[in-house]
Structure formats: C-alpha cells, structure tokens
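A.B. asks: Got a structure for you, protein_23.csv, holding CSV, N, CA and C atoms.
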chain,number,residue,atom,x,y,z
A,24,MET,N,144.8,111.8,-0.9
A,24,MET,CA,145.7,111.8,0.3
A,24,MET,C,146.7,110.7,0.1
A,25,ARG,N,148.0,111.0,0.0
A,25,ARG,CA,149.0,110.1,-0.1
A,25,ARG,C,149.6,109.8,1.3
A,26,SER,N,149.7,108.5,1.6
A,26,SER,CA,150.2,108.2,3.0
A,26,SER,C,151.7,108.0,3.0
A,27,LEU,N,152.3,108.4,4.0
A,27,LEU,CA,153.7,108.1,4.2
A,27,LEU,C,153.9,106.8,4.9
A,28,VAL,N,152.8,106.3,5.5
A,28,VAL,CA,152.8,105.0,6.3
A,28,VAL,C,152.4,103.9,5.4
A,29,ASP,N,153.2,102.8,5.4
A,29,ASP,CA,152.9,101.6,4.6
A,29,ASP,C,152.1,100.7,5.6
A,30,THR,N,150.7,100.7,5.4
A,30,THR,CA,149.9,99.9,6.3
A,30,THR,C,150.1,98.4,6.1
A,31,GLY,N,150.7,98.0,5.0
A,31,GLY,CA,151.0,96.6,4.7
A,31,GLY,C,152.0,96.1,5.7
A,32,LEU,N,152.7,96.9,6.4
A,32,LEU,CA,153.7,96.5,7.4
A,32,LEU,C,153.1,96.4,8.8
A,33,LEU,N,151.8,96.8,8.9
A,33,LEU,CA,151.1,96.9,10.2
A,33,LEU,C,150.0,95.8,10.3
A,34,MET,N,149.5,95.6,11.5
A,34,MET,CA,148.4,94.6,11.7
A,34,MET,C,147.1,95.3,12.0
A,35,ARG,N,146.1,95.0,11.3
A,35,ARG,CA,144.8,95.6,11.6
A,35,ARG,C,144.5,95.4,13.1
A,36,ILE,N,143.9,96.4,13.8
A,36,ILE,CA,143.6,96.3,15.2
A,36,ILE,C,142.7,95.0,15.5
A,37,GLU,N,141.8,94.8,14.6
A,37,GLU,CA,140.9,93.6,14.8
A,37,GLU,C,141.6,92.3,14.8
A,38,GLN,N,142.8,92.3,14.3
A,38,GLN,CA,143.6,91.0,14.1
A,38,GLN,C,144.8,90.9,15.1
A,39,ILE,N,144.9,91.8,16.1
A,39,ILE,CA,146.0,91.8,17.0
A,39,ILE,C,146.2,90.5,17.6
A,40,VAL,N,147.4,90.0,17.5
A,40,VAL,CA,147.9,88.7,18.2
A,40,VAL,C,149.2,89.0,18.8
A,41,GLY,N,149.3,88.8,20.1
A,41,GLY,CA,150.6,89.1,20.8
A,41,GLY,C,151.4,87.8,20.9
A,42,GLU,N,152.4,87.8,21.8
A,42,GLU,CA,153.2,86.6,22.0
A,42,GLU,C,152.5,85.5,22.7
A,43,ASP,N,151.5,85.8,23.5
A,43,ASP,CA,150.7,84.7,24.2
A,43,ASP,C,149.3,85.3,24.4
A,44,LYS,N,148.4,84.6,25.1
A,44,LYS,CA,147.1,85.0,25.3
A,44,LYS,C,147.0,86.3,26.1
A,45,ARG,N,147.9,86.4,27.2
A,45,ARG,CA,147.9,87.5,28.0
A,45,ARG,C,148.3,88.8,27.3
A,46,ASP,N,149.4,88.6,26.5
A,46,ASP,CA,149.9,89.8,25.7
A,46,ASP,C,148.8,90.2,24.7
A,47,THR,N,148.2,89.3,24.1
A,47,THR,CA,147.1,89.6,23.1
A,47,THR,C,146.0,90.4,23.8
A,48,ARG,N,145.6,89.9,24.9
A,48,ARG,CA,144.5,90.6,25.7
A,48,ARG,C,144.9,92.0,26.0
A,49,LEU,N,146.1,92.2,26.6
A,49,LEU,CA,146.6,93.5,26.9
A,49,LEU,C,146.8,94.4,25.7
A,50,LEU,N,147.3,93.9,24.6
A,50,LEU,CA,147.4,94.8,23.4
A,50,LEU,C,146.0,95.2,22.9
A,51,ARG,N,145.1,94.3,23.0
A,51,ARG,CA,143.7,94.7,22.5
A,51,ARG,C,143.1,95.7,23.4
A,52,GLU,N,143.4,95.6,24.7
A,52,GLU,CA,142.9,96.6,25.7
A,52,GLU,C,143.6,98.0,25.4
A,53,MET,N,144.8,97.9,25.0
A,53,MET,CA,145.5,99.2,24.7
A,53,MET,C,145.0,99.8,23.4
A,54,ALA,N,144.6,99.0,22.5
A,54,ALA,CA,144.0,99.5,21.2
A,54,ALA,C,142.7,100.2,21.6
A,55,GLU,N,141.9,99.7,22.5
A,55,GLU,CA,140.7,100.4,22.9
A,55,GLU,C,141.0,101.7,23.6
A,56,GLU,N,142.1,101.7,24.4
A,56,GLU,CA,142.5,102.9,25.1
A,56,GLU,C,142.9,103.9,24.1
A,57,ALA,N,143.6,103.5,23.0
A,57,ALA,CA,144.1,104.4,22.0
A,57,ALA,C,142.9,105.0,21.2
A,58,LYS,N,141.9,104.2,21.0
A,58,LYS,CA,140.7,104.7,20.3
A,58,LYS,C,139.9,105.7,21.2
A,59,LEU,N,139.8,105.4,22.5
A,59,LEU,CA,139.1,106.3,23.4
A,59,LEU,C,139.9,107.7,23.5
A,60,TYR,N,141.2,107.6,23.5
A,60,TYR,CA,142.0,108.8,23.6
A,60,TYR,C,141.8,109.7,22.4
A,61,LEU,N,141.8,109.0,21.2
A,61,LEU,CA,141.7,109.8,19.9
A,61,LEU,C,140.3,110.4,19.8
A,62,ASN,N,139.3,109.6,20.2
A,62,ASN,CA,137.9,110.1,20.2
A,62,ASN,C,137.6,111.1,21.2
A,63,SER,N,138.5,111.4,22.2
A,63,SER,CA,138.3,112.4,23.2
A,63,SER,C,138.5,113.8,22.7
A,64,PHE,N,139.1,113.9,21.5
A,64,PHE,CA,139.3,115.2,20.9
A,64,PHE,C,138.2,115.6,20.0
A,65,GLY,N,137.8,116.9,20.1
A,65,GLY,CA,136.7,117.4,19.3
A,65,GLY,C,137.0,117.4,17.8
A,66,TRP,N,138.2,117.4,17.5
A,66,TRP,CA,138.6,117.5,16.1
A,66,TRP,C,138.5,116.1,15.4
A,67,CYS,N,138.3,115.0,16.2
A,67,CYS,CA,138.2,113.7,15.6
A,67,CYS,C,136.7,113.3,15.5
A,68,LYS,N,136.2,113.4,14.3
A,68,LYS,CA,134.8,113.1,14.1
A,68,LYS,C,134.5,111.6,14.2
A,69,LYS,N,135.4,110.8,13.6
A,69,LYS,CA,135.2,109.4,13.5
A,69,LYS,C,136.6,108.7,13.1
A,70,ILE,N,136.8,107.5,13.7
A,70,ILE,CA,137.9,106.7,13.4
A,70,ILE,C,137.5,105.8,12.2
A,71,ARG,N,138.2,105.9,11.1
A,71,ARG,CA,137.8,105.1,9.9
A,71,ARG,C,138.5,103.7,10.0
A,72,ALA,N,139.7,103.6,10.4
A,72,ALA,CA,140.5,102.4,10.4
A,72,ALA,C,141.6,102.5,11.4
A,73,GLY,N,142.1,101.4,11.9
A,73,GLY,CA,143.2,101.4,12.9
A,73,GLY,C,144.1,100.2,12.7
A,74,TRP,N,145.4,100.4,12.9
A,74,TRP,CA,146.4,99.3,12.8
A,74,TRP,C,147.3,99.3,14.1
A,75,PHE,N,147.8,98.2,14.4
A,75,PHE,CA,148.8,98.0,15.4
A,75,PHE,C,150.1,98.0,14.8
A,76,GLY,N,151.0,98.9,15.4
A,76,GLY,CA,152.4,99.0,14.8
A,76,GLY,C,153.5,98.3,15.6
A,77,TRP,N,153.4,98.4,16.9
A,77,TRP,CA,154.4,97.8,17.7
A,77,TRP,C,153.9,97.9,19.2
A,78,GLY,N,154.3,97.0,20.0
A,78,GLY,CA,154.0,97.1,21.4
A,78,GLY,C,154.4,95.9,22.3
A,79,VAL,N,154.3,96.2,23.5
A,79,VAL,CA,154.5,95.2,24.6
A,79,VAL,C,153.3,95.3,25.5
A,80,GLY,N,152.5,94.3,25.5
A,80,GLY,CA,151.2,94.4,26.3
A,80,GLY,C,151.3,94.9,27.7
A,81,GLY,N,150.5,96.0,28.0
A,81,GLY,CA,150.5,96.6,29.3
A,81,GLY,C,151.7,97.6,29.6
A,82,VAL,N,152.6,97.7,28.6
A,82,VAL,CA,153.7,98.6,28.8
A,82,VAL,C,153.7,99.8,27.9
A,83,CYS,N,153.7,99.5,26.6
A,83,CYS,CA,153.7,100.6,25.6
A,83,CYS,C,153.2,100.0,24.2
A,84,ALA,N,152.4,100.7,23.5
A,84,ALA,CA,152.0,100.3,22.2
A,84,ALA,C,151.8,101.5,21.3
A,85,VAL,N,152.1,101.3,20.0
A,85,VAL,CA,151.9,102.3,19.0
A,85,VAL,C,150.9,101.8,17.9
A,86,PHE,N,149.9,102.7,17.7
A,86,PHE,CA,148.8,102.4,16.8
A,86,PHE,C,148.8,103.5,15.7
A,87,PHE,N,148.3,103.1,14.5
A,87,PHE,CA,148.1,104.1,13.4
A,87,PHE,C,146.7,104.1,13.1
A,88,PHE,N,146.1,105.4,13.0
A,88,PHE,CA,144.7,105.5,12.7
A,88,PHE,C,144.5,106.4,11.5
A,89,GLU,N,143.4,106.1,10.8
A,89,GLU,CA,142.9,107.0,9.8
A,89,GLU,C,141.6,107.5,10.3
A,90,ILE,N,141.4,108.9,10.3
A,90,ILE,CA,140.2,109.5,10.9
A,90,ILE,C,139.5,110.3,9.9
A,91,THR,N,138.3,110.6,10.3
A,91,THR,CA,137.5,111.7,9.6
A,91,THR,C,137.6,112.9,10.5
A,92,PRO,N,138.3,113.9,10.1
A,92,PRO,CA,138.4,115.1,11.0
A,92,PRO,C,137.0,115.9,11.1
A,93,ALA,N,136.8,116.5,12.2
A,93,ALA,CA,135.6,117.3,12.4
A,93,ALA,C,135.7,118.7,11.8
A,94,ARG,N,137.0,119.1,11.5
A,94,ARG,CA,137.2,120.4,10.9
A,94,ARG,C,138.4,120.4,10.0
A,95,LYS,N,138.6,121.4,9.2
A,95,LYS,CA,139.7,121.5,8.3
A,95,LYS,C,141.0,121.7,9.0
A,96,ASN,N,142.1,121.4,8.3
A,96,ASN,CA,143.4,121.5,8.8
A,96,ASN,C,143.8,120.6,9.9
A,97,VAL,N,143.1,119.4,9.9
A,97,VAL,CA,143.4,118.3,10.9
A,97,VAL,C,143.9,117.2,10.1
A,98,ASP,N,145.0,116.6,10.5
A,98,ASP,CA,145.6,115.4,9.8
A,98,ASP,C,144.6,114.3,9.8
A,99,GLU,N,144.5,113.5,8.7
A,99,GLU,CA,143.6,112.4,8.6
A,99,GLU,C,144.3,111.1,9.1
A,100,GLN,N,145.6,111.2,9.2
A,100,GLN,CA,146.4,110.0,9.6
A,100,GLN,C,147.3,110.4,10.8
A,101,LEU,N,147.2,109.6,11.9
A,101,LEU,CA,147.9,109.9,13.1
A,101,LEU,C,148.4,108.6,13.8
A,102,TRP,N,149.5,108.7,14.4
A,102,TRP,CA,150.0,107.7,15.3
A,102,TRP,C,149.5,108.0,16.7
A,103,VAL,N,149.1,107.0,17.5
A,103,VAL,CA,148.7,107.1,18.9
A,103,VAL,C,149.6,106.2,19.7
A,104,ILE,N,150.2,106.7,20.8
A,104,ILE,CA,151.0,105.9,21.7
A,104,ILE,C,150.3,105.9,23.0
A,105,VAL,N,150.2,104.7,23.6
A,105,VAL,CA,149.5,104.5,24.9
A,105,VAL,C,150.3,103.5,25.7
A,106,GLY,N,150.0,103.4,26.9
A,106,GLY,CA,150.7,102.5,27.8
A,106,GLY,C,150.9,103.0,29.2
A,107,ASP,N,152.0,102.5,29.8
A,107,ASP,CA,152.4,103.0,31.1
A,107,ASP,C,153.2,104.3,31.0
A,108,LEU,N,152.6,105.2,30.3
A,108,LEU,CA,153.2,106.5,30.0
A,108,LEU,C,152.1,107.4,29.6
A,109,PRO,N,152.3,108.7,29.5
A,109,PRO,CA,151.2,109.6,29.0
A,109,PRO,C,150.9,109.3,27.6
A,110,PRO,N,149.6,109.2,27.3
A,110,PRO,CA,149.2,109.0,25.9
A,110,PRO,C,149.5,110.2,25.0
A,111,ALA,N,149.7,110.0,23.7
A,111,ALA,CA,150.0,111.1,22.8
A,111,ALA,C,149.6,110.7,21.4
A,112,TYR,N,149.4,111.7,20.6
A,112,TYR,CA,149.2,111.4,19.2
A,112,TYR,C,150.3,112.2,18.4
A,113,LEU,N,150.7,111.7,17.3
A,113,LEU,CA,151.7,112.3,16.5
A,113,LEU,C,151.3,112.3,15.0
A,114,VAL,N,151.6,113.3,14.3
A,114,VAL,CA,151.4,113.3,12.9
A,114,VAL,C,152.4,112.4,12.2
A,115,THR,N,152.2,112.0,11.0
A,115,THR,CA,153.0,111.0,10.3
A,115,THR,C,154.2,111.7,9.5
A,116,ASP,N,154.2,113.0,9.4
A,116,ASP,CA,155.2,113.7,8.6
A,116,ASP,C,156.7,113.2,8.9
A,117,ASP,N,157.1,113.1,10.1
A,117,ASP,CA,158.4,112.7,10.5
A,117,ASP,C,158.5,111.2,11.0
A,118,SER,N,157.3,110.5,10.9
A,118,SER,CA,157.2,109.2,11.5
A,118,SER,C,156.6,108.2,10.5
A,119,PRO,N,157.3,107.7,9.5
A,119,PRO,CA,156.7,106.8,8.6
A,119,PRO,C,156.5,105.4,9.1
A,120,THR,N,157.1,105.1,10.3
A,120,THR,CA,157.0,103.8,10.9
A,120,THR,C,156.6,103.9,12.3
A,121,ALA,N,156.1,102.8,12.9
A,121,ALA,CA,155.7,102.8,14.3
A,121,ALA,C,156.9,103.1,15.2
A,122,LEU,N,158.1,102.5,14.9
A,122,LEU,CA,159.2,102.8,15.7
A,122,LEU,C,159.8,104.2,15.6
A,123,GLU,N,159.6,104.8,14.4
A,123,GLU,CA,160.0,106.2,14.3
A,123,GLU,C,159.0,107.1,15.1
A,124,ALA,N,157.8,106.7,15.1
A,124,ALA,CA,156.8,107.4,15.9
A,124,ALA,C,157.2,107.3,17.4
A,125,LEU,N,157.5,106.2,17.8
A,125,LEU,CA,157.9,106.0,19.2
A,125,LEU,C,159.2,106.8,19.5
A,126,LYS,N,160.1,106.8,18.6
A,126,LYS,CA,161.4,107.5,18.8
A,126,LYS,C,161.1,109.0,18.9
A,127,ASN,N,160.2,109.5,18.1
A,127,ASN,CA,159.8,110.9,18.1
A,127,ASN,C,159.1,111.3,19.4
A,128,TYR,N,158.2,110.3,19.9
A,128,TYR,CA,157.5,110.5,21.1
A,128,TYR,C,158.5,110.7,22.3
A,129,VAL,N,159.5,109.8,22.3
A,129,VAL,CA,160.5,109.9,23.4
A,129,VAL,C,161.3,111.2,23.3
A,130,GLU,N,161.7,111.6,22.1
A,130,GLU,CA,162.4,112.8,21.9
A,130,GLU,C,161.6,114.1,22.3
A,131,LEU,N,160.3,114.0,22.1
A,131,LEU,CA,159.5,115.1,22.5
A,131,LEU,C,159.3,115.2,24.0
I'd like the structure from this file rewritten - as structure tokens, please.

C.D. replies:
Amino acid sequence: MRSLVDTGLLMRIEQIVGEDKRDTRLLREMAEEAKLYLNSFGWCKKIRAGWFGWGVGGVCAVFFFEITPARKNVDEQLWVIVGDLPPAYLVTDDSPTALEALKNYVEL
C-alpha cells in the first residue's frame, strides 16, 4: 500500500501539542472524538495509527488514520474531520494534505 499522505509532515496523536495548555487539551479531546467516530463504523475493525494534521482546539481539527478494515474494498487510510461541525471521513485520493482534506470537506 503506497500512501499519498506524507506522515512526516503530521504529528502523532499521542504527541499533540497546541498553542497553549487549553488548546492542547481541546485538540486531544478532538482526537478521541475522531477515533470514536471512526470506530463507530462496522467497516473499521481497528485503528492502527493516527496523526494530527491541522486544527484549532474546540473548533475544527483534521486527523489522518491508518485502519484495519473489517471487509474488502475499504480504504486503509482516511482523513477524519471533527469539531464544531458535522464529523466526516474522507479518502486520501484527492487529499494528500490535511488542508486539502479540509478544503474538500468544505466543498462537499
């Protein structure tokens, strides 16, 4: 599986640090929300790894996940957008960066 997303440009979820303590706490809470959202789908068997791509604590955040699908024909890499807006997941085909994923979310 060749990834279109360069995870070297992203921050591991476990290492999220925001602009201050409050922002850090909010972004970490949003990461948990993104995980819960992704795990709510029957086609997501397991989250293998997650990265923080972009965000403003409590407002909007973009995360990248590698998953183990529960069935065939499910993408193993997805963007998840959460915040003060409806959550969504996006495939990486047209979104190689977190900001491209956010742009595509807005356009959808």

A.B. asks: Hey, what's within 6.5 Å of stretch 74-91 of chain A if we count all atoms listed in the file and toss same-chain stuff fewer than 3 positions away? As a PDB file with N, CA and C atoms, keeping the file's coordinate frame, please?

C.D. replies:
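Written file, selection-v4.pdb:
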ATOM      1  N   LEU A  33     151.800  96.800   8.900  1.00  0.00           N
ATOM      2  CA  LEU A  33     151.100  96.900  10.200  1.00  0.00           C
ATOM      3  C   LEU A  33     150.000  95.800  10.300  1.00  0.00           C
ATOM      4  N   MET A  34     149.500  95.600  11.500  1.00  0.00           N
ATOM      5  CA  MET A  34     148.400  94.600  11.700  1.00  0.00           C
ATOM      6  C   MET A  34     147.100  95.300  12.000  1.00  0.00           C
ATOM      7  N   ARG A  35     146.100  95.000  11.300  1.00  0.00           N
ATOM      8  CA  ARG A  35     144.800  95.600  11.600  1.00  0.00           C
ATOM      9  C   ARG A  35     144.500  95.400  13.100  1.00  0.00           C
ATOM     10  N   ILE A  36     143.900  96.400  13.800  1.00  0.00           N
ATOM     11  CA  ILE A  36     143.600  96.300  15.200  1.00  0.00           C
ATOM     12  C   ILE A  36     142.700  95.000  15.500  1.00  0.00           C
ATOM     13  N   ARG A  45     147.900  86.400  27.200  1.00  0.00           N
ATOM     14  CA  ARG A  45     147.900  87.500  28.000  1.00  0.00           C
ATOM     15  C   ARG A  45     148.300  88.800  27.300  1.00  0.00           C
ATOM     16  N   ASP A  46     149.400  88.600  26.500  1.00  0.00           N
ATOM     17  CA  ASP A  46     149.900  89.800  25.700  1.00  0.00           C
ATOM     18  C   ASP A  46     148.800  90.200  24.700  1.00  0.00           C
ATOM     19  N   THR A  47     148.200  89.300  24.100  1.00  0.00           N
ATOM     20  CA  THR A  47     147.100  89.600  23.100  1.00  0.00           C
ATOM     21  C   THR A  47     146.000  90.400  23.800  1.00  0.00           C
ATOM     22  N   LEU A  49     146.100  92.200  26.600  1.00  0.00           N
ATOM     23  CA  LEU A  49     146.600  93.500  26.900  1.00  0.00           C
ATOM     24  C   LEU A  49     146.800  94.400  25.700  1.00  0.00           C
ATOM     25  N   LEU A  50     147.300  93.900  24.600  1.00  0.00           N
ATOM     26  CA  LEU A  50     147.400  94.800  23.400  1.00  0.00           C
ATOM     27  C   LEU A  50     146.000  95.200  22.900  1.00  0.00           C
ATOM     28  N   TRP A  66     138.200 117.400  17.500  1.00  0.00           N
ATOM     29  CA  TRP A  66     138.600 117.500  16.100  1.00  0.00           C
ATOM     30  C   TRP A  66     138.500 116.100  15.400  1.00  0.00           C
ATOM     31  N   CYS A  67     138.300 115.000  16.200  1.00  0.00           N
ATOM     32  CA  CYS A  67     138.200 113.700  15.600  1.00  0.00           C
ATOM     33  C   CYS A  67     136.700 113.300  15.500  1.00  0.00           C
ATOM     34  N   LYS A  68     136.200 113.400  14.300  1.00  0.00           N
ATOM     35  CA  LYS A  68     134.800 113.100  14.100  1.00  0.00           C
ATOM     36  C   LYS A  68     134.500 111.600  14.200  1.00  0.00           C
ATOM     37  N   LYS A  69     135.400 110.800  13.600  1.00  0.00           N
ATOM     38  CA  LYS A  69     135.200 109.400  13.500  1.00  0.00           C
ATOM     39  C   LYS A  69     136.600 108.700  13.100  1.00  0.00           C
ATOM     40  N   ILE A  70     136.800 107.500  13.700  1.00  0.00           N
ATOM     41  CA  ILE A  70     137.900 106.700  13.400  1.00  0.00           C
ATOM     42  C   ILE A  70     137.500 105.800  12.200  1.00  0.00           C
ATOM     43  N   ARG A  71     138.200 105.900  11.100  1.00  0.00           N
ATOM     44  CA  ARG A  71     137.800 105.100   9.900  1.00  0.00           C
ATOM     45  C   ARG A  71     138.500 103.700  10.000  1.00  0.00           C
ATOM     46  N   ARG A  94     137.000 119.100  11.500  1.00  0.00           N
ATOM     47  CA  ARG A  94     137.200 120.400  10.900  1.00  0.00           C
ATOM     48  C   ARG A  94     138.400 120.400  10.000  1.00  0.00           C
ATOM     49  N   ASP A  98     145.000 116.600  10.500  1.00  0.00           N
ATOM     50  CA  ASP A  98     145.600 115.400   9.800  1.00  0.00           C
ATOM     51  C   ASP A  98     144.600 114.300   9.800  1.00  0.00           C
ATOM     52  N   GLU A  99     144.500 113.500   8.700  1.00  0.00           N
ATOM     53  CA  GLU A  99     143.600 112.400   8.600  1.00  0.00           C
ATOM     54  C   GLU A  99     144.300 111.100   9.100  1.00  0.00           C
ATOM     55  N   GLN A 100     145.600 111.200   9.200  1.00  0.00           N
ATOM     56  CA  GLN A 100     146.400 110.000   9.600  1.00  0.00           C
ATOM     57  C   GLN A 100     147.300 110.400  10.800  1.00  0.00           C
ATOM     58  N   LEU A 101     147.200 109.600  11.900  1.00  0.00           N
ATOM     59  CA  LEU A 101     147.900 109.900  13.100  1.00  0.00           C
ATOM     60  C   LEU A 101     148.400 108.600  13.800  1.00  0.00           C
ATOM     61  N   TRP A 102     149.500 108.700  14.400  1.00  0.00           N
ATOM     62  CA  TRP A 102     150.000 107.700  15.300  1.00  0.00           C
ATOM     63  C   TRP A 102     149.500 108.000  16.700  1.00  0.00           C
ATOM     64  N   VAL A 103     149.100 107.000  17.500  1.00  0.00           N
ATOM     65  CA  VAL A 103     148.700 107.100  18.900  1.00  0.00           C
ATOM     66  C   VAL A 103     149.600 106.200  19.700  1.00  0.00           C
ATOM     67  N   ILE A 104     150.200 106.700  20.800  1.00  0.00           N
ATOM     68  CA  ILE A 104     151.000 105.900  21.700  1.00  0.00           C
ATOM     69  C   ILE A 104     150.300 105.900  23.000  1.00  0.00           C
ATOM     70  N   VAL A 105     150.200 104.700  23.600  1.00  0.00           N
ATOM     71  CA  VAL A 105     149.500 104.500  24.900  1.00  0.00           C
ATOM     72  C   VAL A 105     150.300 103.500  25.700  1.00  0.00           C
ATOM     73  N   GLY A 106     150.000 103.400  26.900  1.00  0.00           N
ATOM     74  CA  GLY A 106     150.700 102.500  27.800  1.00  0.00           C
ATOM     75  C   GLY A 106     150.900 103.000  29.200  1.00  0.00           C
ATOM     76  N   ASP A 107     152.000 102.500  29.800  1.00  0.00           N
ATOM     77  CA  ASP A 107     152.400 103.000  31.100  1.00  0.00           C
ATOM     78  C   ASP A 107     153.200 104.300  31.000  1.00  0.00           C
ATOM     79  N   LEU A 108     152.600 105.200  30.300  1.00  0.00           N
ATOM     80  CA  LEU A 108     153.200 106.500  30.000  1.00  0.00           C
ATOM     81  C   LEU A 108     152.100 107.400  29.600  1.00  0.00           C
ATOM     82  N   ALA A 121     156.100 102.800  12.900  1.00  0.00           N
ATOM     83  CA  ALA A 121     155.700 102.800  14.300  1.00  0.00           C
ATOM     84  C   ALA A 121     156.900 103.100  15.200  1.00  0.00           C
ATOM     85  N   LEU A 122     158.100 102.500  14.900  1.00  0.00           N
ATOM     86  CA  LEU A 122     159.200 102.800  15.700  1.00  0.00           C
ATOM     87  C   LEU A 122     159.800 104.200  15.600  1.00  0.00           C
TER      88      LEU A 122
END

A.B. asks: Grab the atom N of A:Pro119 to atom C of A:Lys44 distance for me, in Å with one decimal place.

C.D. replies: 29.0 Å

A.B. asks: Distance atom N of A:Leu27-atom N of A:Leu125, one decimal place?

C.D. replies: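 Between atom N of A:Leu27 and atom N of A:Leu125 the gap works out to 14.9 Å.
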
A.B. asks: Check chain A with DSSP on the backbone and list each residue it calls helix (DSSP H, G or I), as a PyMOL selection string.

C.D. replies: chain A and resi 30-32+36-38+44-62+121-130

A.B. asks: Mind pulling up the distance from atom C of A:Val97 to atom N of A:Thr115?

C.D. replies: 9.8 Å

A.B. asks: Write down as a compact mmCIF listing (two decimals) with N, CA and C atoms, keeping the file's coordinate frame the residues belonging to chain A that are assigned strand (DSSP E) by DSSP computed on the backbone.

C.D. replies:
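Result file is states-v8.txt:
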# COMPACT_ATOMS: atom_id res chain seq x y z
N MET A 34 149.50 95.60 11.50
CA MET A 34 148.40 94.60 11.70
C MET A 34 147.10 95.30 12.00
N ARG A 35 146.10 95.00 11.30
CA ARG A 35 144.80 95.60 11.60
C ARG A 35 144.50 95.40 13.10
N CYS A 67 138.30 115.00 16.20
CA CYS A 67 138.20 113.70 15.60
C CYS A 67 136.70 113.30 15.50
N LYS A 68 136.20 113.40 14.30
CA LYS A 68 134.80 113.10 14.10
C LYS A 68 134.50 111.60 14.20
N LYS A 69 135.40 110.80 13.60
CA LYS A 69 135.20 109.40 13.50
C LYS A 69 136.60 108.70 13.10
N ILE A 70 136.80 107.50 13.70
CA ILE A 70 137.90 106.70 13.40
C ILE A 70 137.50 105.80 12.20
N ARG A 71 138.20 105.90 11.10
CA ARG A 71 137.80 105.10 9.90
C ARG A 71 138.50 103.70 10.00
N ALA A 72 139.70 103.60 10.40
CA ALA A 72 140.50 102.40 10.40
C ALA A 72 141.60 102.50 11.40
N GLY A 73 142.10 101.40 11.90
CA GLY A 73 143.20 101.40 12.90
C GLY A 73 144.10 100.20 12.70
N TRP A 74 145.40 100.40 12.90
CA TRP A 74 146.40 99.30 12.80
C TRP A 74 147.30 99.30 14.10
N PHE A 75 147.80 98.20 14.40
CA PHE A 75 148.80 98.00 15.40
C PHE A 75 150.10 98.00 14.80
N GLY A 76 151.00 98.90 15.40
CA GLY A 76 152.40 99.00 14.80
C GLY A 76 153.50 98.30 15.60
N TRP A 77 153.40 98.40 16.90
CA TRP A 77 154.40 97.80 17.70
C TRP A 77 153.90 97.90 19.20
N GLY A 78 154.30 97.00 20.00
CA GLY A 78 154.00 97.10 21.40
C GLY A 78 154.40 95.90 22.30
N VAL A 79 154.30 96.20 23.50
CA VAL A 79 154.50 95.20 24.60
C VAL A 79 153.30 95.30 25.50
N CYS A 83 153.70 99.50 26.60
CA CYS A 83 153.70 100.60 25.60
C CYS A 83 153.20 100.00 24.20
N ALA A 84 152.40 100.70 23.50
CA ALA A 84 152.00 100.30 22.20
C ALA A 84 151.80 101.50 21.30
N VAL A 85 152.10 101.30 20.00
CA VAL A 85 151.90 102.30 19.00
C VAL A 85 150.90 101.80 17.90
N PHE A 86 149.90 102.70 17.70
CA PHE A 86 148.80 102.40 16.80
C PHE A 86 148.80 103.50 15.70
N PHE A 87 148.30 103.10 14.50
CA PHE A 87 148.10 104.10 13.40
C PHE A 87 146.70 104.10 13.10
N PHE A 88 146.10 105.40 13.00
CA PHE A 88 144.70 105.50 12.70
C PHE A 88 144.50 106.40 11.50
N GLU A 89 143.40 106.10 10.80
CA GLU A 89 142.90 107.00 9.80
C GLU A 89 141.60 107.50 10.30
N ILE A 90 141.40 108.90 10.30
CA ILE A 90 140.20 109.50 10.90
C ILE A 90 139.50 110.30 9.90
N THR A 91 138.30 110.60 10.30
CA THR A 91 137.50 111.70 9.60
C THR A 91 137.60 112.90 10.50
N PRO A 92 138.30 113.90 10.10
CA PRO A 92 138.40 115.10 11.00
C PRO A 92 137.00 115.90 11.10
N GLN A 100 145.60 111.20 9.20
CA GLN A 100 146.40 110.00 9.60
C GLN A 100 147.30 110.40 10.80
N LEU A 101 147.20 109.60 11.90
CA LEU A 101 147.90 109.90 13.10
C LEU A 101 148.40 108.60 13.80
N TRP A 102 149.50 108.70 14.40
CA TRP A 102 150.00 107.70 15.30
C TRP A 102 149.50 108.00 16.70
N VAL A 103 149.10 107.00 17.50
CA VAL A 103 148.70 107.10 18.90
C VAL A 103 149.60 106.20 19.70
N ILE A 104 150.20 106.70 20.80
CA ILE A 104 151.00 105.90 21.70
C ILE A 104 150.30 105.90 23.00
N VAL A 105 150.20 104.70 23.60
CA VAL A 105 149.50 104.50 24.90
C VAL A 105 150.30 103.50 25.70
N GLY A 106 150.00 103.40 26.90
CA GLY A 106 150.70 102.50 27.80
C GLY A 106 150.90 103.00 29.20
N ALA A 111 149.70 110.00 23.70
CA ALA A 111 150.00 111.10 22.80
C ALA A 111 149.60 110.70 21.40
N TYR A 112 149.40 111.70 20.60
CA TYR A 112 149.20 111.40 19.20
C TYR A 112 150.30 112.20 18.40
N LEU A 113 150.70 111.70 17.30
CA LEU A 113 151.70 112.30 16.50
C LEU A 113 151.30 112.30 15.00
N VAL A 114 151.60 113.30 14.30
CA VAL A 114 151.40 113.30 12.90
C VAL A 114 152.40 112.40 12.20

A.B. asks: Between A:Ala72, A:Leu32, A:Val129, A:Leu61, which residue has the minimum interatomic distance to A:Tyr112, considering only C-alpha atoms?

C.D. replies: A:Leu61
